[in-house]
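Step one of this worksheet: look at the structure below.
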Amino acid sequence: MTENDPSGQDAEKARPAGAQPEAEQSASWAQPAPQQPDATGLGGHATPHTGAQQAYPQEQQQYNPWSPQAQTQHAPTQGHQIPGQQTPFTQPGPSVYAVPQQRQAQKSTSGRLLAGVAAIALVVGGVAGGTVGYLTGDASGGSAVNALDAPKPAQQTGNLPAGSVESVAQKLSPSVVELQVSGRSGAGEGSGFVLSTDGYVLTNNHVVEVAAGGGQIQAVFQDGKKGTATVVGRDPTTDIAVVKVSGVSGLTPVELGRSDDLRVGQPVVAIGSPFELTGTVTSGIVSALNRPVSAGGNGDQTTVMSAVQTDAAINPGNSGGPLANMAGQVIGINSAIYSPKSAQGQGGESGGNVGIGFAIPIDQARRTADDIINTGQATQTFIGARVQTAPTGGAQLGEISPGSPAEKAGLKSGDVVTKLDDRPIPNADALVAEIRTRAPNDKVKFTLSGDKVIEVTLGGQPVTPN
């Protein structure tokens with residue numbers, strides 16, 4: 001789930017969990033994930049890889065639907081095919097998605113984007129002008145009616161409708177921050193949101209990791225205020241980081257909601273700085289829940305999480321920004337997108353939203369942020385066993401660490417976990433993701449193949465950033 005973060009590294013390919021290998025050619029920005037048998041986070045930490053993408057393929061920018069050529073031929077199209085699901089017999093490892101965090105700080109990319117927008121506006125403007133001229137002409141010779149002669153309507157007044165996108169945007173926008181990040185390996189920008197009046201801001205690890213160890217972060221607020229930010233702590237395993245902004249006052253914290261009672265189909269709003277377009281608001285719905293996706297660029301299970309899927313438009317630069325319910329409460333952190341290649345397999349990347357985005361559930365992010373603020377370090381939940389997808393489905397345990405929660409509970413190498421509490425476990429990614437949604441010392445029930453049930457008390461261990 002890495003994307004064009006500020007490191008400037010090459011884009012890596014992405015695919016959903018269980019995608020067939022032949023379908024991998026339709027995804028971009030993330031490394032294909034070879035099977036990595038580690039469900040505990042003991043196998044190291046993945047480092048997101050990066051690479052700026054062009055938002056729109058060249059053929060789309062040049063196409064003029066009103067040109068003479070367009071009257072005799074079809075417009076160029078883009079065919080996006082999402083990899084299909086694969087049976088557990090050939091499940092190779094963790095699903096990997098593209099991360100829409102901070103895009104490369106290349107002004108030329110913004111110029112191309114804005115130029116494309118201007119070209120579209122000019123085309124529409126020319127056609128609209130001709131249409132107005134035709135409609136206002138009166139062939140009968142009578143008096144013409146012209147909209148330009150009508151007075152302006154009354155200015156909107158009063159309170160915004162409760163539960164509207166507009167009201168959510170008005171409530172949250174003052175708390176959303178653009179983070180401009182630079183370091184020895186590159187530069188870029190992403191998003192974050194205010195947790196406290198004294199300057200704590202929650203964001204993604206992949207947004208700020210380039211600035212860790214001597215880089216610079218500048219926070220830019222909706223009202224134009226700017227302040228220098230420093231990294232308080234970060235957790236690559238959950239893709240969460242906290243920064244502290246200094247030199248500003250009067251900050252407005254967000255209201256945190258809860259993600260454990262989200263429903264598929266409920267409306268949500270995303271706010272961030274896609275392609276350096278600060279304060280962009282998009283809306284959509286919760287498309288799915290408990291999606292096991294990986295934010296890692298090394299193809300392992302180090303950064304697998306149980307994500308909220310949404311069709312609200314999320315693009316490079318949105319990473320770290322809030323996903324909110326219609327009460328304006330933050331219920332997730334926008335972190336990743338699925339981004340297929342352009343049509344005809346020509347090797348170009350679409351680099352933008354196709355309606356499949358992922359957010360870290362706020363319940364998990366809240367716990368990690370609290371650890372970081374209080375101790376400067378995140379705590380990872382683990383069981384102390386390696387894991388891989390079983391040939392018949394489920395998560396098969398491998399090596400069990402001595403003295404680990406798994407050993408203390410009586411789990412054995414070769415056991416196949418098919419359910420955690422009431423959540424089905426179809427593969428290794430699902431087990432890793434579900435464990436990470438829990439807190440250390442939580443008691444959970446593992447259902448094994450053959451319907452044997454074992455209670456496990458989950459452990460916790462400090463996370464060392466990469």
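Labels used: A, B, ... for chains in the order of the structure tokens, numbers from 1 for residues in each chain, and numbers from 1 for ligands as shown.
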
I'd like the neighbourhood of Val268 in chain A as a PyMOL selection string, where a residue qualifies if any of its atoms comes within 9 Å (using only C-alpha atoms), though same-chain residues fewer than 6 positions away should be ignored. chain A and resi 165+282-286+310+312+323-326+328+331

Put those residues in a file: C-alpha atoms, as a JSON list (two decimals), in the first residue's frame.
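Final output, saved to part-v3.json:
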[["chain", "number", "residue", "atom", "x", "y", "z"],
["A", 165, "VAL", "CA", -21.72, 17.08, 3.22],
["A", 282, "THR", "CA", -15.16, 14.39, -1.49],
["A", 283, "SER", "CA", -18.02, 12.15, -0.42],
["A", 284, "GLY", "CA", -19.11, 8.56, -0.85],
["A", 285, "ILE", "CA", -20.12, 5.53, 1.19],
["A", 286, "VAL", "CA", -18.54, 2.77, 3.23],
["A", 310, "THR", "CA", -14.76, 3.56, 0.64],
["A", 312, "ALA", "CA", -15.11, 8.54, -1.69],
["A", 323, "LEU", "CA", -12.64, 10.00, 6.73],
["A", 324, "ALA", "CA", -15.72, 11.20, 8.63],
["A", 325, "ASN", "CA", -19.32, 10.20, 9.20],
["A", 326, "MET", "CA", -22.16, 12.61, 8.54],
["A", 328, "GLY", "CA", -18.49, 15.21, 11.29],
["A", 331, "ILE", "CA", -13.99, 7.33, 11.76]]

For Met305 in chain A, please output as an NGL selection string all residues within 7 Å (counting only C-alpha atoms; exclusion window: fewer than 6 positions along the same chain). :A and (238 or 292-294 or 433 or 436)

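For range 196-329 of chain A, backbone-based DSSP assignment of alpha helix (DSSP H) covers Asn205, His206, Val207 and Val208 of chain A.
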
Students should find that CA of Pro267 in chain A and CA of Gly352 in chain A are spaced 21.2 Å

Write out as an mmCIF file with C-alpha atoms, in the first residue's frame each polymer residue whose atoms come within 7 Å of range 359-363 of chain A, counting only C-alpha atoms; drop sequence neighbours fewer than 4 positions from it.
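Contents of part_0.cif, freshly written:
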data_model
loop_
_atom_site.group_PDB
_atom_site.id
_atom_site.type_symbol
_atom_site.label_atom_id
_atom_site.label_comp_id
_atom_site.auth_asym_id
_atom_site.auth_seq_id
_atom_site.Cartn_x
_atom_site.Cartn_y
_atom_site.Cartn_z
ATOM 1 C CA ARG A 258 -15.924 5.034 16.486
ATOM 2 C CA SER A 259 -15.301 2.500 13.756
ATOM 3 C CA ALA A 307 -9.231 -1.458 6.593
ATOM 4 C CA VAL A 308 -12.452 0.430 5.920
ATOM 5 C CA GLN A 309 -13.096 0.484 2.161
ATOM 6 C CA ILE A 331 -13.990 7.327 11.756
ATOM 7 C CA GLY A 332 -10.840 6.554 9.744
ATOM 8 C CA ILE A 333 -7.514 7.788 8.342
ATOM 9 C CA ASN A 334 -7.322 7.744 4.544
ATOM 10 C CA SER A 335 -4.264 5.685 3.680
ATOM 11 C CA ALA A 336 -4.401 3.681 0.452
ATOM 12 C CA ARG A 367 -5.051 3.447 20.583
#

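Between CA of Gly384 in chain A and CA of Arg291 in chain A lies a distance of 22.7 Å.
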
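Each of A:Ala288, A:Thr280, A:Ser319, A:Ile337 was checked against Ala169 in chain A using only C-alpha atoms; the smallest atom-to-atom distance is that of A:Thr280.
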